$ cat coords-v7.cif   # mmCIF, C-alpha atoms and all ligand atoms
data_protein
#
loop_
_atom_site.label_atom_id
_atom_site.label_comp_id
_atom_site.auth_asym_id
_atom_site.auth_seq_id
_atom_site.Cartn_x
_atom_site.Cartn_y
_atom_site.Cartn_z
CA MET A 934 40.06 13.04 60.55
CA ALA A 935 38.04 15.53 58.46
CA GLU A 936 39.17 15.81 54.85
CA GLN A 937 40.82 19.10 53.91
CA THR A 938 38.60 21.42 51.91
CA PRO A 939 40.04 23.34 48.97
CA ALA A 940 40.41 27.13 48.89
CA THR A 941 37.15 29.09 48.64
CA GLU A 942 36.91 29.45 44.88
CA GLU A 943 38.05 25.96 43.95
CA ILE A 944 35.25 23.50 43.36
CA PRO A 945 36.75 20.15 42.42
CA VAL A 946 34.58 18.31 39.90
CA GLY A 947 35.39 15.06 38.12
CA ILE A 948 34.89 14.77 34.37
CA SER A 949 35.17 12.05 31.72
CA ALA A 950 38.62 12.77 30.27
CA CYS A 951 37.44 12.76 26.63
CA LEU A 952 35.18 15.77 27.44
CA MET A 953 38.31 17.73 28.35
CA GLY A 954 39.63 17.17 24.83
CA GLU A 955 41.97 14.35 25.86
CA GLN A 956 42.41 11.83 23.04
CA VAL A 957 41.45 8.80 25.07
CA ARG A 958 38.48 7.37 23.17
CA TYR A 959 38.71 3.87 21.70
CA ASN A 960 39.44 5.38 18.27
CA GLY A 961 42.00 7.90 19.53
CA GLY A 962 39.53 10.79 19.36
CA HIS A 963 38.00 13.06 21.98
CA LYS A 964 34.66 14.75 22.71
CA ARG A 965 35.79 18.19 23.87
CA SER A 966 32.99 20.05 25.62
CA ARG A 967 32.93 23.77 24.93
CA TYR A 968 30.55 24.48 27.79
CA CYS A 969 32.75 22.69 30.31
CA LEU A 970 36.01 24.16 29.05
CA GLU A 971 34.89 27.67 28.23
CA VAL A 972 32.29 28.35 30.90
CA LEU A 973 32.41 25.92 33.81
CA GLN A 974 36.20 25.75 33.96
CA GLU A 975 36.13 29.33 35.29
CA ARG A 976 34.34 27.97 38.37
CA PHE A 977 35.29 24.32 38.67
CA ARG A 978 38.70 22.71 38.98
CA PHE A 979 38.20 19.73 36.70
CA GLU A 980 39.79 16.39 37.55
CA PRO A 981 39.64 14.23 34.40
CA PHE A 982 39.37 10.45 34.54
CA CYS A 983 39.09 7.80 31.83
CA PRO A 984 38.16 4.46 33.42
CA GLU A 985 38.91 2.45 30.27
CA LEU A 986 42.39 3.91 29.93
CA GLU A 987 43.01 3.40 33.66
CA ALA A 988 41.93 -0.24 33.29
CA GLY A 989 44.81 -0.69 30.83
CA LEU A 990 42.79 -0.85 27.63
CA GLY A 991 45.11 1.51 25.73
CA VAL A 992 44.44 3.92 22.85
CA PRO A 993 43.35 2.99 20.24
CA ARG A 994 41.57 -0.08 21.62
CA ASP A 995 38.88 -2.54 20.68
CA PRO A 996 35.54 -1.00 21.61
CA VAL A 997 33.59 -2.56 24.49
CA ARG A 998 29.87 -2.76 25.21
CA LEU A 999 27.45 -3.87 27.91
CA VAL A 1000 26.14 -7.42 27.63
CA GLY A 1001 23.58 -9.16 29.82
CA ALA A 1002 19.96 -10.08 30.43
CA LEU A 1003 17.38 -7.74 31.94
CA GLY A 1004 17.61 -7.77 35.75
CA GLU A 1005 21.29 -8.82 35.76
CA GLU A 1006 24.28 -6.57 36.23
CA PRO A 1007 25.68 -6.28 32.70
CA ARG A 1008 29.23 -7.31 31.89
CA VAL A 1009 31.58 -5.15 29.84
CA VAL A 1010 32.97 -7.13 26.94
CA GLY A 1011 34.69 -6.53 23.62
CA THR A 1012 32.38 -5.66 20.71
CA ARG A 1013 34.55 -7.53 18.20
CA ASP A 1014 36.07 -10.05 20.61
CA PRO A 1015 33.49 -11.20 23.20
CA SER A 1016 36.20 -13.15 25.07
CA LEU A 1017 37.62 -9.78 26.18
CA ASP A 1018 35.84 -9.20 29.52
CA VAL A 1019 36.90 -6.04 31.38
CA THR A 1020 34.08 -5.96 33.96
CA GLU A 1021 36.29 -6.66 36.97
CA ALA A 1022 39.15 -4.46 35.78
CA LEU A 1023 36.78 -1.50 35.30
CA ALA A 1024 35.09 -2.05 38.67
CA GLU A 1025 38.49 -2.17 40.38
CA VAL A 1026 39.87 1.04 38.86
CA SER A 1027 36.53 2.79 39.47
CA ARG A 1028 36.56 1.87 43.17
CA ALA A 1029 40.20 2.95 43.49
CA PHE A 1030 39.34 6.28 41.82
CA ILE A 1031 36.41 6.84 44.20
CA GLU A 1032 38.61 6.10 47.23
CA ARG A 1033 41.12 8.75 46.11
CA HIS A 1034 38.47 11.33 45.10
CA ARG A 1035 36.15 11.74 48.06
CA HIS A 1036 36.82 15.48 47.81
CA LEU A 1037 34.91 15.84 44.52
CA ARG A 1038 31.67 17.86 44.47
CA GLY A 1039 30.28 16.38 41.28
CA PHE A 1040 31.09 14.41 38.12
CA ILE A 1041 30.30 15.29 34.49
CA LEU A 1042 29.96 12.23 32.29
CA MET A 1043 30.10 11.30 28.61
CA LYS A 1044 26.78 10.02 27.30
CA GLY A 1045 26.26 6.59 25.77
CA SER A 1046 29.56 5.12 26.97
CA PRO A 1047 29.53 1.58 28.44
CA SER A 1048 31.77 2.99 31.18
CA CYS A 1049 30.75 6.64 31.65
CA GLY A 1050 27.12 6.77 30.44
CA LEU A 1051 24.71 7.94 33.15
CA GLU A 1052 21.65 6.21 31.72
CA ARG A 1053 20.19 4.74 28.53
CA VAL A 1054 23.42 2.92 27.57
CA LYS A 1055 22.51 0.02 25.29
CA VAL A 1056 22.84 -3.46 26.76
CA TYR A 1057 23.09 -6.37 24.30
CA HIS A 1058 22.03 -10.02 24.52
CA GLU A 1059 24.79 -12.62 24.26
CA ASN A 1060 23.55 -13.16 20.69
CA GLY A 1061 24.42 -9.55 19.81
CA MET A 1062 20.85 -8.22 19.65
CA PRO A 1063 20.03 -5.04 21.62
CA SER A 1064 18.19 -5.93 24.85
CA HIS A 1065 17.56 -2.98 27.17
CA ALA A 1066 19.39 0.06 28.63
CA ASP A 1067 21.40 0.66 31.80
CA ALA A 1068 24.09 2.90 33.29
CA GLY A 1069 27.76 2.50 32.40
CA ALA A 1070 30.06 0.41 34.59
CA PHE A 1071 31.90 3.38 36.17
CA VAL A 1072 28.61 5.11 36.97
CA ARG A 1073 27.34 1.95 38.66
CA GLU A 1074 30.32 2.05 41.03
CA LEU A 1075 29.88 5.79 41.66
CA ARG A 1076 26.24 5.24 42.61
CA ARG A 1077 27.12 2.30 44.83
CA HIS A 1078 30.08 3.82 46.68
CA PHE A 1079 29.48 7.59 46.42
CA PRO A 1080 25.67 7.97 46.22
CA GLU A 1081 25.65 11.60 47.37
CA LEU A 1082 27.92 12.78 44.53
CA PRO A 1083 26.01 14.91 41.97
CA LEU A 1084 26.24 13.29 38.52
CA GLU A 1085 25.21 14.61 35.13
CA GLU A 1086 25.90 13.92 31.48
CA GLU A 1087 27.46 16.75 29.54
CA ALA A 1088 24.92 16.33 26.72
CA ARG A 1089 21.98 16.63 29.13
CA MET A 1090 23.33 19.99 30.26
CA ASN A 1091 22.04 21.45 26.98
CA ASP A 1092 18.73 21.40 28.82
CA ALA A 1093 18.59 24.59 30.93
CA VAL A 1094 16.65 22.97 33.80
CA LEU A 1095 19.02 19.98 34.07
CA ARG A 1096 22.05 22.28 33.81
CA GLU A 1097 20.81 24.53 36.60
CA ASN A 1098 19.88 21.51 38.67
CA PHE A 1099 23.32 19.92 38.42
CA ILE A 1100 25.18 23.12 39.25
CA THR A 1101 22.84 23.79 42.18
CA ARG A 1102 23.64 20.31 43.53
CA VAL A 1103 27.39 20.86 43.13
CA TYR A 1104 27.25 24.10 45.14
CA ALA A 1105 24.96 22.62 47.81
CA TYR A 1106 27.31 19.67 48.21
CA ASP A 1107 30.27 22.06 48.38
CA ASP A 1108 28.49 23.89 51.22
CA TRP A 1109 28.06 20.56 53.03
CA LYS A 1110 31.72 19.61 52.55
CA ARG A 1111 33.02 22.94 53.78
CA HIS A 1112 30.65 23.65 56.63
CA VAL A 1113 29.37 20.32 57.92
CA GLU A 1114 31.78 17.56 56.93
CA ALA A 1115 34.89 19.66 57.67
CA THR A 1116 33.78 20.36 61.27
CA PRO A 1117 30.98 17.90 62.06
CA SER A 1118 28.50 18.80 64.81
CA TYR A 1119 24.73 18.86 65.31
CA HIS A 1120 24.95 22.62 65.31
CA ALA A 1121 26.63 22.67 61.87
CA LEU A 1122 24.07 20.21 60.54
CA LEU A 1123 21.10 22.22 61.84
CA GLN A 1124 22.54 25.42 60.42
CA PHE A 1125 23.02 23.75 57.05
CA HIS A 1126 19.42 22.54 57.08
CA SER A 1127 18.22 25.96 58.09
CA ARG A 1128 19.92 27.81 55.20
CA GLN A 1129 19.01 25.13 52.62
CA LYS A 1130 15.32 25.02 53.60
CA TYR A 1131 13.78 26.88 50.71
CA LEU A 1132 16.08 25.30 48.16
CA LEU A 1133 15.00 21.90 49.44
CA MET A 1134 11.36 23.00 49.46
CA ALA A 1135 11.59 24.10 45.82
CA HIS A 1136 12.92 20.69 44.80
CA HIS A 1137 11.07 18.25 47.01
CA VAL A 1138 8.53 19.45 49.53
CA GLU A 1139 8.05 15.96 51.06
CA ALA A 1140 11.80 15.57 51.66
CA TYR A 1141 11.85 19.06 53.16
CA ARG A 1142 9.25 18.00 55.75
CA GLU A 1143 10.74 14.56 56.27
CA LEU A 1144 14.28 15.85 56.89
CA GLY A 1145 13.00 18.55 59.25
CA ARG A 1146 11.22 15.87 61.32
CA TYR A 1147 14.23 13.56 61.14
CA LEU A 1148 16.57 16.22 62.54
CA ALA A 1149 14.09 17.16 65.29
CA GLU A 1150 14.08 13.51 66.48
CA SER A 1151 17.80 12.82 65.99
CA GLY A 1152 19.41 14.58 68.94
CA LYS A 1153 20.32 11.34 70.71
CA ARG A 1154 21.46 9.35 67.69
CA CYS A 1155 25.05 8.87 66.56
CA LEU A 1156 26.12 12.02 64.65
CA ASP A 1157 27.85 10.07 61.85
CA GLU A 1158 24.75 8.03 61.20
CA VAL A 1159 22.49 11.12 61.18
CA MET A 1160 24.83 13.01 58.84
CA ASN A 1161 25.08 10.10 56.40
CA ARG A 1162 21.35 9.53 56.26
CA TYR A 1163 20.57 13.22 56.02
CA LEU A 1164 23.09 13.84 53.23
CA VAL A 1165 22.00 10.96 51.01
CA ARG A 1166 18.33 11.97 51.27
CA PHE A 1167 19.14 15.66 50.85
CA MET A 1168 21.18 15.13 47.69
CA GLU A 1169 18.64 12.70 46.28
CA ALA A 1170 15.88 15.30 46.88
CA LEU A 1171 17.86 18.06 45.12
CA GLY A 1172 18.29 15.67 42.19
CA ARG A 1173 14.60 16.14 41.40
CA PRO A 1174 14.48 19.32 39.29
CA ALA A 1175 12.27 22.08 40.64
CA THR A 1176 9.33 23.16 38.45
CA ARG A 1177 7.70 26.54 37.94
CA LYS A 1178 5.01 25.47 40.39
CA THR A 1179 7.43 24.38 43.12
CA HIS A 1180 9.64 27.45 42.62
CA ALA A 1181 6.56 29.68 42.90
CA ASN A 1182 5.66 27.93 46.16
CA ALA A 1183 9.14 28.54 47.62
CA LEU A 1184 9.05 32.16 46.43
CA MET A 1185 5.69 32.67 48.16
CA HIS A 1186 7.18 31.38 51.40
CA VAL A 1187 10.07 33.84 51.17
CA PHE A 1188 7.59 36.58 50.29
CA GLY A 1189 5.73 35.72 53.51
CA TYR A 1190 8.77 36.89 55.52
CA LEU A 1191 8.77 40.26 53.79
CA LYS A 1192 5.16 41.24 53.45
CA ASP A 1193 4.84 43.09 56.78
CA ALA A 1194 7.74 45.35 55.79
CA LEU A 1195 6.42 46.23 52.30
CA ASP A 1196 3.77 48.71 51.17
CA GLY A 1197 0.72 47.55 49.22
CA GLU A 1198 2.02 48.51 45.78
CA THR A 1199 5.37 46.77 46.26
CA LYS A 1200 3.61 43.64 47.49
CA GLN A 1201 1.41 43.63 44.37
CA ASP A 1202 4.49 44.02 42.14
CA LEU A 1203 6.23 41.11 43.81
CA LEU A 1204 3.16 38.89 43.66
CA ALA A 1205 2.69 39.78 39.98
CA ALA A 1206 6.32 38.83 39.23
CA ILE A 1207 5.90 35.45 40.98
CA GLU A 1208 2.67 34.82 39.08
CA ASP A 1209 4.24 35.85 35.75
CA TYR A 1210 7.02 33.38 36.43
CA ARG A 1211 4.60 30.62 37.43
CA GLN A 1212 2.71 31.09 34.18
CA GLY A 1213 5.87 30.96 32.08
CA HIS A 1214 5.93 34.62 30.98
CA VAL A 1215 9.32 35.43 32.56
CA HIS A 1216 12.38 33.52 33.74
CA LEU A 1217 13.11 32.71 37.40
CA ALA A 1218 15.75 35.45 37.49
CA VAL A 1219 12.97 38.10 37.41
CA PRO A 1220 11.12 37.33 40.69
CA ILE A 1221 14.37 36.23 42.36
CA ARG A 1222 16.04 39.54 41.58
CA MET A 1223 13.08 41.50 42.96
CA ILE A 1224 12.84 39.36 46.09
CA ASN A 1225 16.58 39.67 46.68
CA HIS A 1226 16.30 43.44 46.44
CA TYR A 1227 13.77 43.53 49.30
CA VAL A 1228 15.42 40.75 51.31
CA LYS A 1229 18.60 42.85 51.42
CA ARG A 1230 16.67 45.78 52.90
CA HIS A 1231 14.05 44.13 55.06
CA GLY A 1232 14.90 40.44 55.46
CA SER A 1233 15.90 38.82 58.74
CA ASN A 1234 19.22 36.98 58.92
CA TYR A 1235 17.34 33.72 58.51
CA VAL A 1236 15.92 34.78 55.13
CA ARG A 1237 19.11 36.47 53.96
CA GLU A 1238 21.05 33.27 54.54
CA GLN A 1239 18.76 31.13 52.37
CA THR A 1240 20.89 29.56 49.65
CA TYR A 1241 17.74 29.41 47.51
CA LEU A 1242 18.13 33.12 46.81
CA ASP A 1243 21.68 32.71 45.50
CA PRO A 1244 22.58 29.03 45.00
CA HIS A 1245 25.34 29.47 42.38
CA PRO A 1246 27.34 32.30 40.79
CA TYR A 1247 25.02 34.87 39.27
CA GLU A 1248 27.38 35.32 36.30
CA LEU A 1249 26.60 31.81 35.04
CA GLY A 1250 23.15 33.18 34.18
CA LEU A 1251 21.49 29.87 34.98
CA ARG A 1252 18.25 31.38 36.21
CA ASN A 1253 17.93 33.51 33.08
CA ALA A 1254 17.10 30.35 31.18
CA ILE A 1255 14.62 28.54 33.41
S1 LIG B 1 33.60 8.01 27.74
FE1 LIG B 1 34.77 7.52 29.58
S2 LIG B 1 35.80 5.60 29.10
FE2 LIG B 1 35.12 6.47 27.16
S3 LIG B 1 36.87 7.67 26.44
FE3 LIG B 1 35.57 9.07 27.58
S4 LIG B 1 36.43 9.04 29.63
FE4 LIG B 1 37.24 7.23 28.60
#
$ encode --input "coords-v7.cif" --output "structure tokens"
Amino acid sequence: MAEQTPATEEIPVGISACLMGEQVRYNGGHKRSRYCLEVLQERFRFEPFCPELEAGLGVPRDPVRLVGALGEEPRVVGTRDPSLDVTEALAEVSRAFIERHRHLRGFILMKGSPSCGLERVKVYHENGMPSHADAGAFVRELRRHFPELPLEEEARMNDAVLRENFITRVYAYDDWKRHVEATPSYHALLQFHSRQKYLLMAHHVEAYRELGRYLAESGKRCLDEVMNRYLVRFMEALGRPATRKTHANALMHVFGYLKDALDGETKQDLLAAIEDYRQGHVHLAVPIRMINHYVKRHGSNYVREQTYLDPHPYELGLRNAI
């Protein structure tokens, strides 16, 4: 049975509990995130989770770290007491969390944590010397059992491009959940692909072509299989941040749908705005705002429905910074 989707404005997003200001860190402290609590909380319904607390480690607790050789899956063991091995306990609570939270549209993680770190978490040799870096234990389970879920570290969201990219993925996944997964059909899938085309093109032009071909050849395949394969590739492709060059390419494609309806001067203005953006003189919001103005007046339904033109709430100002 299809999972129930939340009311229109509610976007459920998981978050490392310490980022919400909960005092769950090993030392009894927290890492309250102002951006999450003061800006994103207006849009997202946060669902906090602390894997270490859930695994019964308590607060305060002995700190843990990743230990293992390069190429092996690291174990999570006590920093002071290496006989404390919580690898299995963490994996178990992480899997149970994932099972109960299939409705999430994304997860915001705490950097550097042996449980919640997305990347570059230090892994140590048995002898205590630093060896290499990996993802935290909870993140490993998320990637294994929920690969389509958008993930990002709160600290990386200080970077405007990564911030915009994560929020774009959350909204695209929300669209999928509401309009494809809730009422699965080939029709719903093709409509989703159709309205996400230019967003996909801006992020990953090869995936845009590949997924178009895949859908064209998939009419006789099992719908579940097609949806699963499509979604994983689609979300992976959106995970590659768009650049000025790839945005300019997508903008030129949208412009192509308008040019017959516009006079020469307006066309020159629009082309100049796209070029100014491509060269780094203005932010993406400038050409997007102009294009949207003309799409509203002259665009076909196909162009008006492109999520690329309006992928997340305008008030977040995300395209004023990239
Ligand atoms: S980083 Fe993760 S495991 Fe560590 S305190 Fe925060 S929520 Fe808990």
$ axis_aligned_box --input "coords-v7.cif" --around "ligand LIG 1 (chain B)" --padding-each-side "6 Å" --output "AutoDock Vina command-line options"
--center_x 35.4 --center_y 7.3 --center_z 28.0 --size_x 15.6 --size_y 15.5 --size_z 15.2
$ residues_near_ligand --input "coords-v7.cif" --ligand "ligand LIG 1 (chain B)" --cutoff "7 Å" --atoms "only C-alpha atoms and all ligand atoms" --output "list in words"
Ser949, Ala950, Cys951, Leu952, Val957, Arg958, Tyr959, Phe982, Cys983, Pro984, Glu985, Leu986, Met1043, Ser1046, Ser1048 and Cys1049 of chain A
$ write_last_selection --input "coords-v7.cif" --atoms "C-alpha atoms" --output "PDB file, in the frame of the given file"
ATOM      1  CA  SER A 949      35.170  12.050  31.720  1.00  0.00           C
ATOM      2  CA  ALA A 950      38.620  12.770  30.270  1.00  0.00           C
ATOM      3  CA  CYS A 951      37.440  12.760  26.630  1.00  0.00           C
ATOM      4  CA  LEU A 952      35.180  15.770  27.440  1.00  0.00           C
ATOM      5  CA  VAL A 957      41.450   8.800  25.070  1.00  0.00           C
ATOM      6  CA  ARG A 958      38.480   7.370  23.170  1.00  0.00           C
ATOM      7  CA  TYR A 959      38.710   3.870  21.700  1.00  0.00           C
ATOM      8  CA  PHE A 982      39.370  10.450  34.540  1.00  0.00           C
ATOM      9  CA  CYS A 983      39.090   7.800  31.830  1.00  0.00           C
ATOM     10  CA  PRO A 984      38.160   4.460  33.420  1.00  0.00           C
ATOM     11  CA  GLU A 985      38.910   2.450  30.270  1.00  0.00           C
ATOM     12  CA  LEU A 986      42.390   3.910  29.930  1.00  0.00           C
ATOM     13  CA  MET A1043      30.100  11.300  28.610  1.00  0.00           C
ATOM     14  CA  SER A1046      29.560   5.120  26.970  1.00  0.00           C
ATOM     15  CA  SER A1048      31.770   2.990  31.180  1.00  0.00           C
ATOM     16  CA  CYS A1049      30.750   6.640  31.650  1.00  0.00           C
TER      17      CYS A1049
END
$ atom_distance --input "coords-v7.cif" --atom1 "CA of Ser1027 (chain A)" --atom2 "CA of Val946 (chain A)"
15.6 Å
$ residues_around --input "coords-v7.cif" --residues "Ile1224 (chain A)" --least-positions-apart "6" --cutoff "12 Å" --atoms "all atoms listed in the file" --output "NGL selection string"
:A and (1181 or 1183-1192 or 1195 or 1199-1200 or 1202-1207 or 1217-1218 or 1230-1232 or 1236-1237 or 1239 or 1241-1243)
$ atom_distance --input "coords-v7.cif" --atom1 "CA of Gly1039 (chain A)" --atom2 "CA of Arg1077 (chain A)"
14.9 Å
$ residues_around --input "coords-v7.cif" --residues "Val1159 (chain A)" --least-positions-apart "5" --cutoff "9 Å" --atoms "only C-alpha atoms" --output "ChimeraX atom specification"
/A:1147-1148,1151,1154,1164
$ residues_around --input "coords-v7.cif" --residues "Gln1124 (chain A)" --least-positions-apart "3" --cutoff "10 Å" --atoms "only C-alpha atoms" --output "number ranges by chain"
A: 1112-1113, 1118-1121, 1127-1130, 1235, 1238
$ closest_residue --input "coords-v7.cif" --among "A:Arg1053, A:Met953, A:His1036, A:Pro1246" --to "Leu999 (chain A)" --atoms "only C-alpha atoms"
A:Arg1053
$ atom_distance --input "coords-v7.cif" --atom1 "CA of Lys1044 (chain A)" --atom2 "CA of Glu1086 (chain A)"
5.8 Å
$ closest_atom_pairs --input "coords-v7.cif" --of "region 1071-1109 of chain A" --to "region 1132-1145 of chain A" --cutoff "10 Å" --atoms "only C-alpha atoms" --output "CSV"
residue,atom,partner,partner_atom,distance
A:Asn1098,CA,A:His1136,CA,9.3
A:Thr1101,CA,A:Leu1132,CA,9.2
A:Ala1105,CA,A:Leu1132,CA,9.3
$ residues_around --input "coords-v7.cif" --residues "His1245 (chain A)" --least-positions-apart "6" --cutoff "10 Å" --atoms "only C-alpha atoms" --output "count of residues only"
10
$ closest_residue --input "coords-v7.cif" --among "A:Leu1017, A:Met1160, A:Val992, A:Ala1066" --to "Leu1051 (chain A)" --atoms "all atoms listed in the file"
A:Ala1066
$ closest_residue --input "coords-v7.cif" --among "A:Val1165, A:Leu1075, A:Leu1082, A:Leu1122" --to "Gly1152 (chain A)" --atoms "all atoms listed in the file"
A:Leu1122
$ closest_residue --input "coords-v7.cif" --among "A:Arg1111, A:Met1090, A:His1058, A:Ala988" --to "Phe1071 (chain A)" --atoms "only C-alpha atoms"
A:Ala988
